[in-house]
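This is coords11.cif. It holds mmCIF, C-alpha atoms.
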data_start
loop_
_atom_site.group_PDB
_atom_site.id
_atom_site.type_symbol
_atom_site.label_atom_id
_atom_site.label_comp_id
_atom_site.auth_asym_id
_atom_site.auth_seq_id
_atom_site.Cartn_x
_atom_site.Cartn_y
_atom_site.Cartn_z
ATOM 1 C CA MET A 28 43.811 -9.823 14.131
ATOM 2 C CA LYS A 29 41.528 -6.774 14.418
ATOM 3 C CA ARG A 30 44.518 -4.462 14.697
ATOM 4 C CA GLU A 31 46.146 -5.987 11.602
ATOM 5 C CA ARG A 32 42.978 -5.555 9.563
ATOM 6 C CA LEU A 33 42.432 -2.003 10.714
ATOM 7 C CA ALA A 34 46.085 -1.208 10.036
ATOM 8 C CA GLY A 35 45.709 -2.206 6.397
ATOM 9 C CA ALA A 36 42.461 -0.274 6.069
ATOM 10 C CA ALA A 37 44.005 2.789 7.701
ATOM 11 C CA ARG A 38 46.927 2.769 5.253
ATOM 12 C CA ALA A 39 44.494 2.481 2.330
ATOM 13 C CA ALA A 40 42.320 5.281 3.687
ATOM 14 C CA LEU A 41 44.996 7.765 4.735
ATOM 15 C CA GLY A 42 47.974 6.838 2.579
ATOM 16 C CA GLY A 43 51.087 8.981 2.542
ATOM 17 C CA GLY A 44 53.318 6.225 3.886
ATOM 18 C CA ARG A 45 51.646 6.442 7.277
ATOM 19 C CA ARG A 46 51.525 3.466 9.632
ATOM 20 C CA LEU A 47 48.990 2.707 12.338
ATOM 21 C CA ALA A 48 50.460 3.545 15.741
ATOM 22 C CA GLY A 49 47.440 2.984 17.967
ATOM 23 C CA ILE A 50 43.746 2.168 18.240
ATOM 24 C CA GLU A 51 41.418 3.780 20.781
ATOM 25 C CA ARG A 52 37.873 2.560 21.283
ATOM 26 C CA VAL A 53 35.426 5.462 21.288
ATOM 27 C CA ALA A 54 32.700 5.110 23.901
ATOM 28 C CA GLY A 55 29.016 5.110 23.050
ATOM 29 C CA GLY A 56 28.451 2.542 20.321
ATOM 30 C CA SER A 57 26.059 -0.320 21.089
ATOM 31 C CA LYS A 58 25.473 -1.684 17.562
ATOM 32 C CA LYS A 59 28.906 -1.185 16.020
ATOM 33 C CA GLY A 60 32.487 -0.737 17.077
ATOM 34 C CA VAL A 61 33.798 2.824 16.858
ATOM 35 C CA TYR A 62 37.592 3.187 16.925
ATOM 36 C CA ARG A 63 39.948 6.139 16.637
ATOM 37 C CA LEU A 64 42.879 5.207 14.426
ATOM 38 C CA VAL A 65 46.075 7.060 15.358
ATOM 39 C CA MET A 66 48.826 7.044 12.743
ATOM 40 C CA ASP A 67 52.559 7.411 13.363
ATOM 41 C CA ASP A 68 52.456 11.069 12.259
ATOM 42 C CA ALA A 69 49.538 11.824 14.642
ATOM 43 C CA THR A 70 46.979 11.848 11.801
ATOM 44 C CA THR A 71 43.707 10.349 13.042
ATOM 45 C CA ALA A 72 40.534 8.893 11.580
ATOM 46 C CA ILE A 73 37.483 7.038 12.872
ATOM 47 C CA ALA A 74 36.633 3.449 11.931
ATOM 48 C CA TYR A 75 33.078 2.101 12.073
ATOM 49 C CA LEU A 76 33.023 -1.688 12.306
ATOM 50 C CA TRP A 77 29.763 -3.616 12.005
ATOM 51 C CA ALA A 78 30.614 -7.057 13.348
ATOM 52 C CA ASN A 79 28.624 -9.490 15.474
ATOM 53 C CA ASP A 80 31.011 -9.160 18.393
ATOM 54 C CA GLU A 81 30.628 -5.366 18.310
ATOM 55 C CA ASN A 82 26.821 -5.480 18.631
ATOM 56 C CA TYR A 83 25.521 -5.626 22.203
ATOM 57 C CA TRP A 84 21.890 -6.051 21.165
ATOM 58 C CA PRO A 85 20.309 -9.518 21.267
ATOM 59 C CA ALA A 86 20.807 -11.510 18.068
ATOM 60 C CA ALA A 87 17.053 -12.111 17.840
ATOM 61 C CA GLU A 88 16.398 -8.511 16.817
ATOM 62 C CA ASP A 89 14.569 -8.292 13.503
ATOM 63 C CA ASP A 90 16.803 -7.092 10.656
ATOM 64 C CA ASP A 91 14.082 -6.789 7.997
ATOM 65 C CA LEU A 92 14.882 -3.498 6.269
ATOM 66 C CA ALA A 93 11.238 -3.124 5.212
ATOM 67 C CA ASP A 94 10.564 -2.416 8.885
ATOM 68 C CA PRO A 95 11.503 1.248 9.409
ATOM 69 C CA PHE A 96 12.476 0.469 13.001
ATOM 70 C CA SER A 97 14.650 -2.556 12.320
ATOM 71 C CA PRO A 98 18.229 -2.085 13.600
ATOM 72 C CA GLY A 99 20.294 0.355 11.541
ATOM 73 C CA LEU A 100 23.228 -1.933 10.857
ATOM 74 C CA GLY A 101 25.813 -2.012 8.117
ATOM 75 C CA LEU A 102 27.699 0.093 5.647
ATOM 76 C CA ASP A 103 24.922 -0.023 3.019
ATOM 77 C CA LEU A 104 22.540 1.824 5.333
ATOM 78 C CA PHE A 105 25.316 4.194 6.353
ATOM 79 C CA GLU A 106 26.292 4.973 2.769
ATOM 80 C CA ALA A 107 22.714 5.573 1.588
ATOM 81 C CA ALA A 108 22.007 7.887 4.522
ATOM 82 C CA HIS A 109 25.332 9.683 4.015
ATOM 83 C CA ILE A 110 24.621 10.310 0.323
ATOM 84 C CA ARG A 111 21.135 11.674 1.004
ATOM 85 C CA LEU A 112 22.064 13.865 3.966
ATOM 86 C CA ASP A 113 25.154 15.229 2.257
ATOM 87 C CA ALA A 114 23.070 16.140 -0.806
ATOM 88 C CA LEU A 115 20.778 18.162 1.476
ATOM 89 C CA GLY A 116 23.726 20.127 2.843
ATOM 90 C CA THR A 117 23.686 18.315 6.168
ATOM 91 C CA ARG A 118 27.168 18.110 7.660
ATOM 92 C CA VAL A 119 28.157 14.475 8.130
ATOM 93 C CA PRO A 120 31.656 13.016 8.611
ATOM 94 C CA GLU A 121 33.594 12.839 5.351
ATOM 95 C CA ILE A 122 34.243 9.313 4.143
ATOM 96 C CA ARG A 123 37.846 8.204 3.743
ATOM 97 C CA LEU A 124 37.222 4.550 2.835
ATOM 98 C CA ILE A 125 34.336 2.113 2.381
ATOM 99 C CA ASP A 126 35.390 -1.533 2.452
ATOM 100 C CA ARG A 127 32.586 -2.833 0.206
ATOM 101 C CA ASP A 128 34.392 -5.994 -0.881
ATOM 102 C CA SER A 129 35.624 -7.061 2.586
ATOM 103 C CA THR A 130 39.185 -6.432 1.436
ATOM 104 C CA HIS A 131 40.285 -5.507 4.941
ATOM 105 C CA CYS A 132 37.581 -6.914 7.238
ATOM 106 C CA PRO A 133 34.957 -9.654 6.798
ATOM 107 C CA ALA A 134 32.464 -7.372 8.542
ATOM 108 C CA GLY A 135 31.295 -3.994 7.253
ATOM 109 C CA LEU A 136 33.950 -1.311 7.634
ATOM 110 C CA VAL A 137 33.915 2.422 6.945
ATOM 111 C CA ILE A 138 36.624 4.934 7.807
ATOM 112 C CA VAL A 139 35.627 8.578 8.174
ATOM 113 C CA GLU A 140 37.251 11.822 9.208
ATOM 114 C CA ASP A 141 37.972 12.320 12.881
ATOM 115 C CA LEU A 142 36.311 15.349 14.455
ATOM 116 C CA PRO A 143 38.440 15.882 17.556
ATOM 117 C CA GLY A 144 36.202 18.540 19.092
ATOM 118 C CA GLU A 145 33.483 17.863 21.630
ATOM 119 C CA SER A 146 29.943 16.651 21.159
ATOM 120 C CA LEU A 147 27.033 19.068 21.331
ATOM 121 C CA GLU A 148 26.019 17.303 24.541
ATOM 122 C CA ALA A 149 29.376 18.163 26.135
ATOM 123 C CA LEU A 150 29.267 21.738 24.840
ATOM 124 C CA LEU A 151 25.758 22.305 26.223
ATOM 125 C CA ALA A 152 26.920 21.061 29.614
ATOM 126 C CA ARG A 153 30.158 23.065 29.596
ATOM 127 C CA ASP A 154 29.077 26.375 28.085
ATOM 128 C CA PRO A 155 25.405 26.758 27.058
ATOM 129 C CA SER A 156 26.014 30.239 25.637
ATOM 130 C CA ALA A 157 28.730 28.914 23.310
ATOM 131 C CA ALA A 158 26.273 26.265 22.127
ATOM 132 C CA VAL A 159 23.681 28.844 20.992
ATOM 133 C CA PRO A 160 25.023 29.350 17.441
ATOM 134 C CA VAL A 161 25.528 25.590 17.029
ATOM 135 C CA MET A 162 21.935 24.959 18.098
ATOM 136 C CA ARG A 163 20.747 27.605 15.640
ATOM 137 C CA ARG A 164 22.615 25.895 12.808
ATOM 138 C CA LEU A 165 21.263 22.528 13.904
ATOM 139 C CA GLY A 166 17.766 23.988 13.703
ATOM 140 C CA GLU A 167 18.500 25.110 10.137
ATOM 141 C CA THR A 168 19.758 21.622 9.317
ATOM 142 C CA LEU A 169 16.565 20.084 10.652
ATOM 143 C CA GLU A 170 14.457 22.477 8.597
ATOM 144 C CA ALA A 171 16.300 21.480 5.411
ATOM 145 C CA MET A 172 15.730 17.817 6.241
ATOM 146 C CA ARG A 173 12.087 18.483 7.039
ATOM 147 C CA HIS A 174 11.441 20.028 3.641
ATOM 148 C CA HIS A 175 12.895 17.106 1.688
ATOM 149 C CA ARG A 176 9.808 14.959 1.108
ATOM 150 C CA SER A 177 8.971 11.471 -0.071
ATOM 151 C CA LEU A 178 5.637 9.881 -0.958
ATOM 152 C CA THR A 179 6.661 6.710 0.858
ATOM 153 C CA TYR A 180 8.100 6.112 4.316
ATOM 154 C CA GLY A 181 10.927 3.852 5.406
ATOM 155 C CA LYS A 182 14.682 3.671 5.699
ATOM 156 C CA VAL A 183 16.559 5.961 3.322
ATOM 157 C CA ALA A 184 18.366 2.964 1.807
ATOM 158 C CA VAL A 185 15.019 1.319 1.024
ATOM 159 C CA VAL A 186 13.067 4.328 -0.236
ATOM 160 C CA ASP A 187 15.865 5.840 -2.313
ATOM 161 C CA ALA A 188 16.263 2.467 -4.036
ATOM 162 C CA GLY A 189 12.568 2.463 -4.956
ATOM 163 C CA GLY A 190 11.468 0.041 -2.235
ATOM 164 C CA THR A 191 8.511 0.103 0.137
ATOM 165 C CA SER A 192 8.083 -0.640 3.819
ATOM 166 C CA HIS A 193 5.675 -2.710 5.878
ATOM 167 C CA GLY A 194 2.363 -1.262 6.977
ATOM 168 C CA THR A 195 0.141 1.421 5.535
ATOM 169 C CA SER A 196 1.058 4.458 7.639
ATOM 170 C CA CYS A 197 3.687 5.776 10.034
ATOM 171 C CA GLU A 198 1.215 5.873 12.893
ATOM 172 C CA GLY A 199 0.234 2.271 12.179
ATOM 173 C CA VAL A 200 3.844 1.117 12.217
ATOM 174 C CA VAL A 201 4.430 3.039 15.449
ATOM 175 C CA LEU A 202 1.382 1.459 17.111
ATOM 176 C CA VAL A 203 2.529 -2.067 16.230
ATOM 177 C CA ARG A 204 5.997 -1.328 17.579
ATOM 178 C CA ALA A 205 4.663 0.363 20.714
ATOM 179 C CA LEU A 206 2.430 -2.610 21.548
ATOM 180 C CA ARG A 207 5.429 -4.902 21.135
ATOM 181 C CA ASP A 208 7.551 -2.661 23.364
ATOM 182 C CA LEU A 209 4.749 -2.575 25.915
ATOM 183 C CA ALA A 210 4.581 -6.359 26.022
ATOM 184 C CA GLU A 211 8.366 -6.610 26.367
ATOM 185 C CA ALA A 212 8.532 -4.033 29.122
ATOM 186 C CA ALA A 213 5.632 -5.665 30.960
ATOM 187 C CA SER A 214 7.443 -9.002 30.900
ATOM 188 C CA ARG A 215 10.476 -7.402 32.563
ATOM 189 C CA ASP A 216 8.954 -4.967 35.063
ATOM 190 C CA PRO A 217 5.879 -5.547 37.269
ATOM 191 C CA ARG A 218 4.924 -1.855 37.295
ATOM 192 C CA ILE A 219 4.440 -1.833 33.523
ATOM 193 C CA ASP A 220 2.704 -5.196 33.734
ATOM 194 C CA GLU A 221 0.229 -3.794 36.248
ATOM 195 C CA ALA A 222 -0.514 -0.795 33.997
ATOM 196 C CA HIS A 223 -0.519 -2.852 30.774
ATOM 197 C CA GLY A 224 -4.248 -2.465 30.139
ATOM 198 C CA LEU A 225 -4.249 1.298 30.678
ATOM 199 C CA LEU A 226 -1.182 1.792 28.507
ATOM 200 C CA GLU A 227 -2.562 -0.311 25.659
ATOM 201 C CA GLU A 228 -5.911 1.458 25.818
ATOM 202 C CA ARG A 229 -4.166 4.845 25.695
ATOM 203 C CA LEU A 230 -1.994 3.828 22.738
ATOM 204 C CA ARG A 231 -5.016 2.717 20.729
ATOM 205 C CA GLU A 232 -6.939 5.860 21.655
ATOM 206 C CA LEU A 233 -4.078 8.134 20.583
ATOM 207 C CA SER A 234 -3.553 6.188 17.359
ATOM 208 C CA GLY A 235 -7.221 6.451 16.459
ATOM 209 C CA ALA A 236 -7.057 10.252 16.664
ATOM 210 C CA VAL A 237 -4.285 10.573 14.056
ATOM 211 C CA ARG A 238 -5.381 11.607 10.562
ATOM 212 C CA SER A 239 -3.827 10.142 7.429
ATOM 213 C CA ARG A 240 -0.827 11.716 5.720
ATOM 214 C CA SER A 241 0.730 11.152 2.291
ATOM 215 C CA GLU A 242 4.157 12.847 2.490
ATOM 216 C CA TYR A 243 7.091 12.161 4.752
ATOM 217 C CA ALA A 244 10.244 14.046 5.739
ATOM 218 C CA ILE A 245 13.741 12.727 6.212
ATOM 219 C CA VAL A 246 14.619 12.243 9.884
ATOM 220 C CA HIS A 247 17.696 11.025 11.731
ATOM 221 C CA GLY A 248 15.577 8.904 14.054
ATOM 222 C CA GLU A 249 17.693 9.114 17.225
ATOM 223 C CA LEU A 250 19.020 12.645 17.188
ATOM 224 C CA GLY A 251 20.201 13.362 20.689
ATOM 225 C CA PRO A 252 22.990 15.839 21.530
ATOM 226 C CA ASP A 253 25.389 12.886 21.803
ATOM 227 C CA HIS A 254 24.798 12.180 18.115
ATOM 228 C CA VAL A 255 25.897 15.680 17.098
ATOM 229 C CA LEU A 256 29.566 16.646 16.988
ATOM 230 C CA VAL A 257 30.850 20.187 16.523
ATOM 231 C CA ASP A 258 33.489 20.797 13.854
ATOM 232 C CA ALA A 259 36.235 23.422 13.844
ATOM 233 C CA ASP A 260 33.915 25.909 12.128
ATOM 234 C CA GLY A 261 31.179 25.493 14.724
ATOM 235 C CA ARG A 262 28.968 23.452 12.425
ATOM 236 C CA PRO A 263 26.876 20.590 13.833
ATOM 237 C CA VAL A 264 27.915 17.216 12.399
ATOM 238 C CA LEU A 265 25.403 14.364 12.515
ATOM 239 C CA ILE A 266 26.740 10.917 13.394
ATOM 240 C CA ASP A 267 25.172 7.452 13.873
ATOM 241 C CA ILE A 268 23.121 8.101 10.752
ATOM 242 C CA GLU A 269 22.413 4.508 9.686
ATOM 243 C CA GLY A 270 18.849 4.641 11.004
ATOM 244 C CA ALA A 271 17.892 7.701 8.914
ATOM 245 C CA MET A 272 14.471 7.314 7.332
ATOM 246 C CA TYR A 273 11.581 9.055 5.650
ATOM 247 C CA PHE A 274 8.936 9.351 8.336
ATOM 248 C CA ASP A 275 6.662 11.728 10.201
ATOM 249 C CA VAL A 276 8.757 14.675 11.320
ATOM 250 C CA GLU A 277 6.908 14.524 14.654
ATOM 251 C CA TRP A 278 8.800 11.319 15.460
ATOM 252 C CA GLU A 279 12.063 13.276 15.274
ATOM 253 C CA HIS A 280 10.749 16.144 17.345
ATOM 254 C CA VAL A 281 9.484 13.915 20.143
ATOM 255 C CA PHE A 282 12.960 12.417 20.408
ATOM 256 C CA LEU A 283 14.558 15.873 20.261
ATOM 257 C CA ARG A 284 12.311 17.065 23.100
ATOM 258 C CA ILE A 285 13.184 14.057 25.226
ATOM 259 C CA ARG A 286 16.931 14.251 24.645
ATOM 260 C CA PHE A 287 17.507 18.017 24.520
ATOM 261 C CA GLY A 288 15.124 18.890 27.351
ATOM 262 C CA ASP A 289 15.214 22.591 28.187
ATOM 263 C CA SER A 290 17.544 23.241 25.231
ATOM 264 C CA TYR A 291 14.968 22.051 22.694
ATOM 265 C CA GLY A 292 13.373 25.476 22.154
ATOM 266 C CA SER A 293 15.618 26.630 19.313
ATOM 267 C CA LEU A 294 14.986 23.352 17.468
ATOM 268 C CA GLY A 295 11.192 23.625 17.499
ATOM 269 C CA ALA A 296 9.152 23.718 14.310
ATOM 270 C CA ASP A 297 5.789 25.230 13.418
ATOM 271 C CA GLY A 298 2.842 23.172 12.278
ATOM 272 C CA LEU A 299 3.596 19.908 14.055
ATOM 273 C CA ASP A 300 0.609 17.580 14.407
ATOM 274 C CA GLN A 301 -0.376 17.467 18.075
ATOM 275 C CA ASP A 302 -2.124 14.092 17.778
ATOM 276 C CA ARG A 303 1.007 12.520 16.328
ATOM 277 C CA LEU A 304 3.141 14.136 18.995
ATOM 278 C CA ALA A 305 0.940 12.624 21.712
ATOM 279 C CA LEU A 306 1.043 9.111 20.238
ATOM 280 C CA TYR A 307 4.745 9.228 19.485
ATOM 281 C CA THR A 308 5.590 10.539 22.963
ATOM 282 C CA LEU A 309 4.039 7.529 24.681
ATOM 283 C CA ALA A 310 5.468 5.163 22.053
ATOM 284 C CA GLN A 311 8.990 6.494 22.528
ATOM 285 C CA ARG A 312 8.751 6.348 26.314
ATOM 286 C CA LEU A 313 7.839 2.669 26.014
ATOM 287 C CA SER A 314 10.618 2.067 23.495
ATOM 288 C CA LEU A 315 13.147 3.746 25.790
ATOM 289 C CA THR A 316 11.972 1.470 28.576
ATOM 290 C CA ALA A 317 11.850 -1.835 26.707
ATOM 291 C CA GLY A 318 15.070 -1.341 24.722
ATOM 292 C CA PRO A 319 17.378 -0.635 27.678
ATOM 293 C CA LEU A 320 15.783 -3.446 29.721
ATOM 294 C CA ARG A 321 16.488 -5.819 26.833
ATOM 295 C CA LEU A 322 20.066 -4.544 26.506
ATOM 296 C CA LEU A 323 20.682 -5.098 30.217
ATOM 297 C CA GLU A 324 20.156 -8.825 29.729
ATOM 298 C CA GLY A 325 23.324 -8.979 27.628
ATOM 299 C CA ASP A 326 26.902 -7.923 28.307
ATOM 300 C CA PHE A 327 26.564 -4.202 27.594
ATOM 301 C CA PRO A 328 29.180 -2.489 29.825
ATOM 302 C CA GLY A 329 27.188 0.622 30.812
ATOM 303 C CA THR A 330 24.639 -1.158 33.006
ATOM 304 C CA GLU A 331 24.051 1.633 35.526
ATOM 305 C CA PHE A 332 23.606 4.227 32.790
ATOM 306 C CA MET A 333 21.228 2.010 30.803
ATOM 307 C CA ALA A 334 19.215 1.099 33.905
ATOM 308 C CA GLY A 335 18.794 4.811 34.582
ATOM 309 C CA ILE A 336 17.403 5.405 31.092
ATOM 310 C CA ALA A 337 14.931 2.552 31.501
ATOM 311 C CA GLU A 338 13.761 3.751 34.927
ATOM 312 C CA HIS A 339 13.323 7.379 33.867
ATOM 313 C CA ASN A 340 11.296 6.517 30.790
ATOM 314 C CA LEU A 341 9.248 3.915 32.647
ATOM 315 C CA GLN A 342 8.178 6.607 35.102
ATOM 316 C CA GLN A 343 7.403 9.016 32.262
ATOM 317 C CA ALA A 344 5.270 6.389 30.487
ATOM 318 C CA LEU A 345 3.273 5.727 33.650
ATOM 319 C CA GLU A 346 2.751 9.466 34.152
ATOM 320 C CA LEU A 347 1.064 9.638 30.758
ATOM 321 C CA VAL A 348 -1.731 7.315 31.931
ATOM 322 C CA ARG A 349 -2.049 8.809 35.411
ATOM 323 C CA LEU A 350 -3.388 12.128 34.081
#

What is this structure when it is put down as structure tokens?
Amino acid sequence: MKRERLAGAARAALGGGRRLAGIERVAGGSKKGVYRLVMDDATTAIAYLWANDENYWPAAEDDDLADPFSPGLGLDLFEAAHIRLDALGTRVPEIRLIDRDSTHCPAGLVIVEDLPGESLEALLARDPSAAVPVMRRLGETLEAMRHHRSLTYGKVAVVDAGGTSHGTSCEGVVLVRALRDLAEAASRDPRIDEAHGLLEERLRELSGAVRSRSEYAIVHGELGPDHVLVDADGRPVLIDIEGAMYFDVEWEHVFLRIRFGDSYGSLGADGLDQDRLALYTLAQRLSLTAGPLRLLEGDFPGTEFMAGIAEHNLQQALELVRL
């Protein structure tokens, strides 16, 4: 049934009398299905499918869009983020078809261009010197995003439609989420449970040091090197953009530091708030502990990989209260 639906969507998206010859699942998606569509003339495209059976996260996850950190699910979030990022000159995959009316699939479906090259993560591992110009261009992309400001924070789809989000500040929203992640992680691992008091005290201390702010930048939210592809012209292409939001730019840079490691240097920015960086570092370490531990309770196939992420970030979180 899935193949039949994707076949019809592929014909509508790519036309030219082409027929679907094959479907290849692309690894990496945990909230949506990502499939390479291969036509009978070797033309390819990528299908994003937001369906319940494609989402490995527990069904109990909050989907309130007024929460900036609610799951980034669905074509509406994708389309809003795509429109905004494209308008800023950010390279994102070109859209071939959006199935708004469920003509082809009852779940959300988008077909975009296929970028057959490697990810930035793979390029950095294979040839760091060849990645230098791509990293420079990614830094320029981040600067353009940083300078696009909003007076309110929240998901792009919410803010650009004139909506507002829960809470009164980014740091307040982060604290609430971090305390929830702390409680979740403590319920699943005795080492976090033992350090619960110290970690909560540190979170509240760091939050209290953050000064108020009234403007917010656009951020990807989870911009690791695996979420950047490289096109034929050497330009970085941002993918998995549904979670894009207006938020403190420090949130993005903490994630960049964690995911890019020693390669982060060329992505750095001047004037980042050190108090926010400190709070958001601990908050993200807890999130990257609690989230993978939660995912491991389901049927996510990459259990060893996910367990490794949880363990690494658990140790990093504990280090932050051992100093």

Legend entry - Minimum-distance residue to Phe105 in chain A, chosen among A:Lys182, A:Arg215, A:His193, A:Arg153 (using all atoms listed in the file):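 Selected residue with least distance to Phe105 in chain A: A:Lys182.
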
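Between CA of Leu341 in chain A and CA of Ala205 in chain A the interatomic distance comes to 13.3 Å.
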
Legend entry - Non-local contacts of Ser146 in chain A (12 Å; all atoms listed in the file; under 3 positions in same chain excluded) as a list in words: Gly55, Leu142, Pro143, Ala149, Leu150, Leu151, Ala152, Arg153, Asp154, Ala158, Val161, Met162, Gly251, Pro252, Asp253, His254, Val255, Leu256, Val257, Asp258, Ala259, Gly261, Arg262, Pro263, Val264, Leu265 and Ile266 of chain A

Original post:
Which is closer to Gly199 in chain A than all the others in A:Asp94, A:Asp68, A:Glu170, A:Glu81, using all atoms listed in the file?
Top reply: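 Checking each of A:Asp94, A:Asp68, A:Glu170, A:Glu81 against Gly199 in chain A, counting all atoms listed in the file, the winner is A:Asp94.
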
message: Applying 9 Å and only C-alpha atoms, which residues near Leu209 in chain A remain after dropping the ones on its own chain fewer than 3 positions away? List them as a VMD selection string.
response: chain A and resid 204 to 206 212 to 214 219 to 220 223 226 to 227 310 313 to 314 316 to 317

Tell me, as an MDAnalysis selection string, which residues lie within 12 Å of Gly298 in chain A, counting all atoms listed in the file; anything in the same chain fewer than 6 positions away does not count.
-> chainID A and resid 173 276:277 280 304

May I ask which of the residues A:Ala344, A:Ala54, A:Ala114, A:Ala337 is the closest one to Thr308 in chain A, counting all atoms listed in the file?
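Comparing A:Ala344, A:Ala54, A:Ala114, A:Ala337 against Thr308 in chain A, the winner is A:Ala344.
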
Given the block above, output range 250-305 of chain A with C-alpha atoms as a PDB file, in the first residue's frame.
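selection-v8.pdb, written as the output of this step:
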ATOM      1  CA  LEU A 250      21.966  21.433  13.672  1.00  0.00           C
ATOM      2  CA  GLY A 251      24.512  18.662  13.742  1.00  0.00           C
ATOM      3  CA  PRO A 252      26.749  17.751  10.779  1.00  0.00           C
ATOM      4  CA  ASP A 253      24.338  14.909   9.965  1.00  0.00           C
ATOM      5  CA  HIS A 254      21.638  17.506   9.321  1.00  0.00           C
ATOM      6  CA  VAL A 255      23.739  19.282   6.691  1.00  0.00           C
ATOM      7  CA  LEU A 256      24.126  17.874   3.187  1.00  0.00           C
ATOM      8  CA  VAL A 257      26.572  19.181   0.596  1.00  0.00           C
ATOM      9  CA  ASP A 258      25.246  19.963  -2.881  1.00  0.00           C
ATOM     10  CA  ALA A 259      27.100  19.748  -6.189  1.00  0.00           C
ATOM     11  CA  ASP A 260      28.277  23.352  -5.818  1.00  0.00           C
ATOM     12  CA  GLY A 261      29.723  22.762  -2.361  1.00  0.00           C
ATOM     13  CA  ARG A 262      26.919  24.606  -0.605  1.00  0.00           C
ATOM     14  CA  PRO A 263      25.647  23.375   2.775  1.00  0.00           C
ATOM     15  CA  VAL A 264      22.005  22.265   2.615  1.00  0.00           C
ATOM     16  CA  LEU A 265      20.011  22.177   5.851  1.00  0.00           C
ATOM     17  CA  ILE A 266      17.657  19.236   6.352  1.00  0.00           C
ATOM     18  CA  ASP A 267      15.304  18.104   9.160  1.00  0.00           C
ATOM     19  CA  ILE A 268      14.152  21.704   9.457  1.00  0.00           C
ATOM     20  CA  GLU A 269      10.706  21.154  10.996  1.00  0.00           C
ATOM     21  CA  GLY A 270      11.907  22.164  14.459  1.00  0.00           C
ATOM     22  CA  ALA A 271      13.200  25.582  13.321  1.00  0.00           C
ATOM     23  CA  MET A 272      12.251  28.330  15.752  1.00  0.00           C
ATOM     24  CA  TYR A 273      12.900  31.862  16.896  1.00  0.00           C
ATOM     25  CA  PHE A 274      14.961  31.494  20.045  1.00  0.00           C
ATOM     26  CA  ASP A 275      18.169  32.484  21.785  1.00  0.00           C
ATOM     27  CA  VAL A 276      21.008  31.962  19.337  1.00  0.00           C
ATOM     28  CA  GLU A 277      23.027  30.505  22.229  1.00  0.00           C
ATOM     29  CA  TRP A 278      20.774  27.436  22.141  1.00  0.00           C
ATOM     30  CA  GLU A 279      21.944  26.759  18.580  1.00  0.00           C
ATOM     31  CA  HIS A 280      25.583  27.326  19.404  1.00  0.00           C
ATOM     32  CA  VAL A 281      25.569  24.969  22.378  1.00  0.00           C
ATOM     33  CA  PHE A 282      24.224  22.244  20.105  1.00  0.00           C
ATOM     34  CA  LEU A 283      26.762  23.120  17.402  1.00  0.00           C
ATOM     35  CA  ARG A 284      29.597  22.852  19.936  1.00  0.00           C
ATOM     36  CA  ILE A 285      28.374  19.478  21.141  1.00  0.00           C
ATOM     37  CA  ARG A 286      27.856  18.001  17.681  1.00  0.00           C
ATOM     38  CA  PHE A 287      30.746  19.546  15.734  1.00  0.00           C
ATOM     39  CA  GLY A 288      33.332  19.206  18.500  1.00  0.00           C
ATOM     40  CA  ASP A 289      36.782  20.296  17.353  1.00  0.00           C
ATOM     41  CA  SER A 290      35.346  21.465  14.013  1.00  0.00           C
ATOM     42  CA  TYR A 291      33.114  24.067  15.667  1.00  0.00           C
ATOM     43  CA  GLY A 292      35.674  26.894  15.521  1.00  0.00           C
ATOM     44  CA  SER A 293      34.717  28.261  12.108  1.00  0.00           C
ATOM     45  CA  LEU A 294      31.054  28.370  13.167  1.00  0.00           C
ATOM     46  CA  GLY A 295      31.623  30.480  16.281  1.00  0.00           C
ATOM     47  CA  ALA A 296      29.985  33.861  16.751  1.00  0.00           C
ATOM     48  CA  ASP A 297      30.960  36.978  18.684  1.00  0.00           C
ATOM     49  CA  GLY A 298      28.895  38.379  21.510  1.00  0.00           C
ATOM     50  CA  LEU A 299      27.270  35.196  22.777  1.00  0.00           C
ATOM     51  CA  ASP A 300      25.878  35.436  26.307  1.00  0.00           C
ATOM     52  CA  GLN A 301      28.048  33.304  28.582  1.00  0.00           C
ATOM     53  CA  ASP A 302      25.324  32.859  31.212  1.00  0.00           C
ATOM     54  CA  ARG A 303      22.932  31.498  28.604  1.00  0.00           C
ATOM     55  CA  LEU A 304      25.620  29.236  27.213  1.00  0.00           C
ATOM     56  CA  ALA A 305      26.215  27.766  30.677  1.00  0.00           C
TER      57      ALA A 305
END
